[in-house]
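Trainee: Compact mmCIF, C-alpha atoms, file protein_33.txt:
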```txt
# COMPACT_ATOMS: atom_id res chain seq x y z
CA MET A 1 -28.13 -24.23 -79.44
CA GLY A 2 -27.25 -24.84 -75.82
CA ALA A 3 -29.47 -26.14 -73.06
CA ASP A 4 -30.28 -22.62 -71.89
CA LYS A 5 -33.21 -21.11 -73.68
CA THR A 6 -33.72 -17.41 -74.31
CA PRO A 7 -36.73 -15.72 -72.70
CA GLN A 8 -38.33 -15.54 -76.16
CA GLU A 9 -37.87 -19.28 -76.68
CA GLU A 10 -39.38 -20.00 -73.25
CA LEU A 11 -42.29 -17.71 -74.07
CA ILE A 12 -43.07 -19.30 -77.43
CA ILE A 13 -42.84 -22.79 -75.89
CA ASP A 14 -45.28 -21.72 -73.17
CA TRP A 15 -47.67 -20.21 -75.73
CA TYR A 16 -47.41 -23.27 -77.94
CA ASP A 17 -48.27 -25.52 -75.00
CA LYS A 18 -51.25 -23.32 -74.08
CA TYR A 19 -52.68 -22.50 -77.49
CA SER A 20 -51.53 -24.92 -80.19
CA GLU A 21 -54.44 -27.36 -79.86
CA ALA A 22 -57.00 -24.57 -79.98
CA ILE A 23 -55.25 -22.89 -82.92
CA PHE A 24 -55.14 -26.21 -84.76
CA ARG A 25 -58.90 -26.73 -84.20
CA TYR A 26 -59.63 -23.17 -85.29
CA ILE A 27 -57.72 -23.61 -88.54
CA LEU A 28 -59.19 -27.07 -89.07
CA ASN A 29 -62.69 -25.62 -88.67
CA ILE A 30 -61.92 -23.16 -91.46
CA ILE A 31 -60.17 -25.39 -94.00
CA ASN A 32 -61.19 -28.90 -92.90
CA ASP A 33 -57.86 -30.40 -93.98
CA TYR A 34 -56.05 -32.10 -91.10
CA GLN A 35 -52.54 -32.14 -92.57
CA GLN A 36 -52.73 -28.59 -93.85
CA ALA A 37 -54.14 -27.40 -90.50
CA GLU A 38 -51.10 -28.92 -88.77
CA ASP A 39 -48.78 -27.11 -91.19
CA LEU A 40 -50.58 -23.79 -90.79
CA THR A 41 -50.51 -24.16 -87.01
CA GLN A 42 -46.73 -24.57 -87.15
CA ASP A 43 -46.47 -21.60 -89.52
CA THR A 44 -48.50 -19.53 -87.06
CA PHE A 45 -46.13 -20.18 -84.17
CA ILE A 46 -43.04 -19.65 -86.34
CA LYS A 47 -44.39 -16.27 -87.40
CA VAL A 48 -45.24 -15.34 -83.78
CA PHE A 49 -41.76 -16.43 -82.68
CA LYS A 50 -40.12 -14.28 -85.37
CA TYR A 51 -42.24 -11.37 -84.19
CA ILE A 52 -41.19 -11.69 -80.54
CA ILE A 53 -37.49 -12.25 -81.28
CA SER A 54 -37.55 -8.98 -83.21
CA GLY A 55 -38.06 -7.39 -79.79
CA LYS A 56 -41.74 -6.55 -80.14
CA LEU A 57 -44.07 -7.06 -77.20
CA ILE A 58 -47.42 -8.79 -77.40
CA GLU A 59 -49.94 -7.50 -74.89
CA TYR A 60 -52.68 -10.09 -75.54
CA PRO A 61 -50.99 -13.31 -76.68
CA LYS A 62 -54.12 -15.39 -77.29
CA THR A 63 -55.72 -12.74 -79.49
CA PHE A 64 -52.44 -12.06 -81.30
CA ILE A 65 -51.87 -15.76 -81.99
CA TYR A 66 -55.43 -16.26 -83.26
CA SER A 67 -55.11 -13.16 -85.45
CA THR A 68 -51.86 -14.51 -86.87
CA ALA A 69 -53.47 -17.92 -87.47
CA HIS A 70 -56.42 -16.23 -89.16
CA ASN A 71 -54.17 -14.22 -91.48
CA ILE A 72 -52.01 -17.22 -92.37
CA THR A 73 -55.11 -19.31 -93.08
CA VAL A 74 -56.67 -16.60 -95.24
CA ASP A 75 -53.39 -16.28 -97.16
CA TYR A 76 -53.33 -20.05 -97.67
CA ILE A 77 -56.91 -20.05 -98.97
CA ARG A 78 -56.19 -17.14 -101.32
CA LYS A 79 -53.21 -19.00 -102.78
CA GLN A 80 -55.32 -22.06 -103.55
CA ALA A 81 -57.47 -22.40 -106.62
CA PRO A 82 -61.06 -21.70 -105.64
CA ILE A 83 -61.28 -24.01 -102.69
CA LYS A 84 -64.43 -25.84 -101.69
CA ILE A 85 -64.56 -26.72 -98.02
CA VAL A 86 -65.72 -30.28 -97.63
CA LYS A 87 -68.92 -30.93 -95.71
CA ASP A 88 -67.68 -33.53 -93.26
CA PHE A 89 -66.98 -32.16 -89.82
CA VAL A 90 -64.06 -33.40 -87.80
CA PHE A 91 -65.18 -33.64 -84.20
CA HIS A 92 -62.95 -32.74 -81.31
CA LYS A 93 -62.54 -35.66 -78.95
CA LYS A 94 -63.16 -34.76 -75.36
CA LYS A 95 -60.48 -35.68 -72.88
CA ASN A 96 -63.07 -36.41 -70.21
CA LYS A 97 -65.09 -39.60 -70.07
CA GLU A 98 -67.69 -39.68 -72.82
CA PRO A 99 -71.35 -40.46 -72.14
CA PRO A 100 -72.78 -43.73 -73.46
CA ILE A 101 -72.97 -43.92 -77.25
CA GLU A 102 -76.77 -43.67 -77.32
CA ASN A 103 -76.50 -40.24 -75.66
CA GLN A 104 -73.98 -39.08 -78.28
CA VAL A 105 -75.66 -40.07 -81.55
CA LEU A 106 -78.41 -37.45 -81.66
CA PRO A 107 -76.24 -34.51 -80.57
CA ASN A 108 -73.46 -35.56 -82.98
CA GLU A 109 -75.94 -35.78 -85.87
CA LEU A 110 -77.33 -32.37 -84.93
CA TYR A 111 -73.80 -30.90 -84.75
CA LYS A 112 -72.95 -32.40 -88.15
CA GLU A 113 -76.01 -30.80 -89.70
CA LEU A 114 -75.37 -27.53 -87.93
CA TYR A 115 -71.74 -27.45 -88.99
CA LYS A 116 -72.70 -28.32 -92.56
CA GLU A 117 -74.98 -25.29 -92.55
CA VAL A 118 -72.26 -23.07 -91.05
CA LEU A 119 -69.87 -24.15 -93.83
CA SER A 120 -72.48 -23.22 -96.43
CA LEU A 121 -72.56 -19.60 -95.24
CA LYS A 122 -70.54 -16.89 -96.90
CA LYS A 123 -66.99 -16.48 -95.61
CA SER A 124 -67.53 -13.50 -93.27
CA TYR A 125 -70.52 -15.20 -91.63
CA ARG A 126 -68.57 -18.45 -91.21
CA GLN A 127 -65.60 -16.64 -89.68
CA VAL A 128 -67.60 -14.72 -87.10
CA ILE A 129 -69.70 -17.74 -86.09
CA ILE A 130 -66.61 -19.91 -85.67
CA LEU A 131 -64.85 -17.31 -83.53
CA ARG A 132 -67.79 -16.12 -81.42
CA LYS A 133 -69.94 -19.21 -81.09
CA MET A 134 -67.59 -22.15 -81.58
CA GLU A 135 -64.33 -20.79 -80.18
CA GLY A 136 -65.99 -18.55 -77.58
CA PHE A 137 -64.10 -15.32 -78.26
CA SER A 138 -65.50 -12.02 -77.05
CA ILE A 139 -66.60 -9.34 -79.49
CA LYS A 140 -63.42 -7.37 -78.79
CA GLU A 141 -61.18 -10.42 -79.32
CA SER A 142 -63.04 -11.41 -82.50
CA ALA A 143 -62.67 -7.87 -83.84
CA ALA A 144 -58.92 -7.96 -83.18
CA ILE A 145 -58.51 -11.36 -84.83
CA LEU A 146 -60.51 -10.43 -87.93
CA ASN A 147 -59.18 -6.87 -88.01
CA TRP A 148 -62.76 -5.58 -87.96
CA SER A 149 -64.50 -3.02 -85.79
CA GLU A 150 -66.51 -4.32 -82.85
CA ALA A 151 -69.64 -2.96 -84.53
CA LYS A 152 -68.90 -5.01 -87.65
CA VAL A 153 -68.48 -8.16 -85.54
CA LYS A 154 -71.83 -7.55 -83.84
CA THR A 155 -73.67 -6.74 -87.07
CA THR A 156 -72.13 -9.61 -89.02
CA LEU A 157 -72.86 -12.08 -86.23
CA PHE A 158 -76.46 -10.89 -86.02
CA ARG A 159 -76.92 -11.30 -89.78
CA ALA A 160 -75.08 -14.62 -89.83
CA MET A 161 -77.23 -16.04 -87.05
CA GLU A 162 -80.36 -14.82 -88.84
CA VAL A 163 -79.33 -16.57 -92.08
CA LEU A 164 -78.26 -19.70 -90.20
CA GLY A 165 -81.56 -19.75 -88.30
CA LYS A 166 -83.52 -19.58 -91.56
CA LYS A 167 -81.45 -22.38 -93.09
CA LEU A 168 -82.00 -24.55 -90.04
CA GLU A 169 -85.73 -23.79 -89.98
CA GLU A 170 -85.97 -24.90 -93.61
CA ARG A 171 -84.49 -28.22 -92.55
CA SER A 172 -86.57 -28.46 -89.36
CA TYR A 173 -83.61 -27.79 -87.09
CA THR A 174 -83.25 -24.99 -84.59
CA ASN A 175 -80.19 -22.92 -83.80
CA GLU A 176 -80.48 -23.44 -80.05
CA ILE A 177 -76.92 -24.74 -79.96
CA PHE A 178 -75.62 -21.29 -80.84
CA GLU A 179 -77.90 -19.24 -78.59
```
For this file, write the structure as structure tokens.
Mentor:
Amino acid sequence: MGADKTPQEELIIDWYDKYSEAIFRYILNIINDYQQAEDLTQDTFIKVFKYIISGKLIEYPKTFIYSTAHNITVDYIRKQAPIKIVKDFVFHKKKNKEPPIENQVLPNELYKELYKEVLSLKKSYRQVIILRKMEGFSIKESAAILNWSEAKVKTTLFRAMEVLGKKLEERSYTNEIFE
């Protein structure tokens, strides 16, 4: 291939630069396997690239890429023997300066416990909490990614937060982090 890139190649490079870290974290939050999350992230962008070189337009790239990542991850999980997601949470390092360690310990412990409880929820509850509360997607974007109606996203999130709240109450935690 020459030095000149096609518009589709430029577009996928731009999208990869913008979204690959977030897509990787999203997949990692679902499967909690670093190496496999890297592979599935690459698979996501390959599939998106094949889609755009076929001449199809993507109106909302972020939502489309997350939806593709979601589908690829679900396919991966389906292909595995019944998979048990491990309890340890891989934290995302902040690029900014971190506060002193004594200010990090309590929140990190609380996040670990919270994430452990999120992982214990049924799949649909986990998915909607990760997208809406951890990744910050809107109801409309979450619906597009999960291929659900907006009403289903709202209802499932409400029920998921209710169940999560009860689990946290049982363990003397609150779900203030997600409110």
Trainee: Check the smallest atom-to-atom distance from each of A:Gln8, A:Phe158, A:Ile27, A:Ile145 to A:Ser54 using all atoms listed in the file, then report the winner.
Mentor: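 Of A:Gln8, A:Phe158, A:Ile27, A:Ile145, the one nearest A:Ser54, counting all atoms listed in the file, is A:Gln8.
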Trainee: Mind pulling up the distance from atom CA of A:Pro61 to atom CA of A:Thr6?
Mentor: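 The value is 17.9 Å.
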Trainee: Between atom CA of A:Val118 and atom CA of A:Leu164, what distance in Å does the model show, to one decimal?
Mentor: 6.9 Å
Trainee: Kindly give the distance, in Å, that separates atom CA of A:Ile77 and atom CA of A:Ile46, rounded to a single decimal.
Mentor: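 Answer for the atom CA of A:Ile77 to atom CA of A:Ile46 separation: 18.8 Å.
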Trainee: List as a PyMOL selection string the protein and nucleic acid residues near stretch 47-52 of chain A, meaning an atom at most 7 Å away when only C-alpha atoms are counted, but skip any in the same chain fewer than 3 places from it.
Mentor: chain A and resi 8+12+43-44+55-57+65
Trainee: Neighbours of A:Leu131 within 9 Å (all atoms listed in the file; same-chain residues fewer than 3 positions away dropped), as a PyMOL selection string?
Mentor: chain A and resi 26+126-128+134-138+141-142+145
Trainee: Identify which of the residues A:Ser124, A:Arg78, A:Ala37, A:Val163 lies closest to A:Trp148, counting all atoms listed in the file when measuring atom-to-atom distances.
Mentor: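 The shortest atom-to-atom distance to A:Trp148 comes from A:Ser124.
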Trainee: Which residue gives the smallest distance to A:Thr41 among A:Lys133, A:Lys62, A:Lys112, A:His70, with only C-alpha atoms counted?
Mentor: A:His70
Trainee: Near A:Glu150, within 9 Å and counting only C-alpha atoms, which residues show up once chain neighbours fewer than 5 positions away are dropped, as a list in words?
Mentor: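 Selected residues are Ile139, Lys140, Glu141, Ser142, Ala143, Ala144 and Thr155 of chain A.
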Trainee: Convert the current residue selection to file output with C-alpha atoms, as a PDB file, in the coordinates of the input.
Mentor:
```pdb
ATOM      1  CA  ILE A 139     -66.600  -9.340 -79.490  1.00  0.00           C
ATOM      2  CA  LYS A 140     -63.420  -7.370 -78.790  1.00  0.00           C
ATOM      3  CA  GLU A 141     -61.180 -10.420 -79.320  1.00  0.00           C
ATOM      4  CA  SER A 142     -63.040 -11.410 -82.500  1.00  0.00           C
ATOM      5  CA  ALA A 143     -62.670  -7.870 -83.840  1.00  0.00           C
ATOM      6  CA  ALA A 144     -58.920  -7.960 -83.180  1.00  0.00           C
ATOM      7  CA  THR A 155     -73.670  -6.740 -87.070  1.00  0.00           C
TER       8      THR A 155
END
```
Trainee: Mind checking which residues fall within 8 Å of A:Ile129, counting all atoms listed in the file, ignoring those fewer than 6 positions away in the same chain, and posting them as a PyMOL selection string?
Mentor: chain A and resi 118+157+160-161
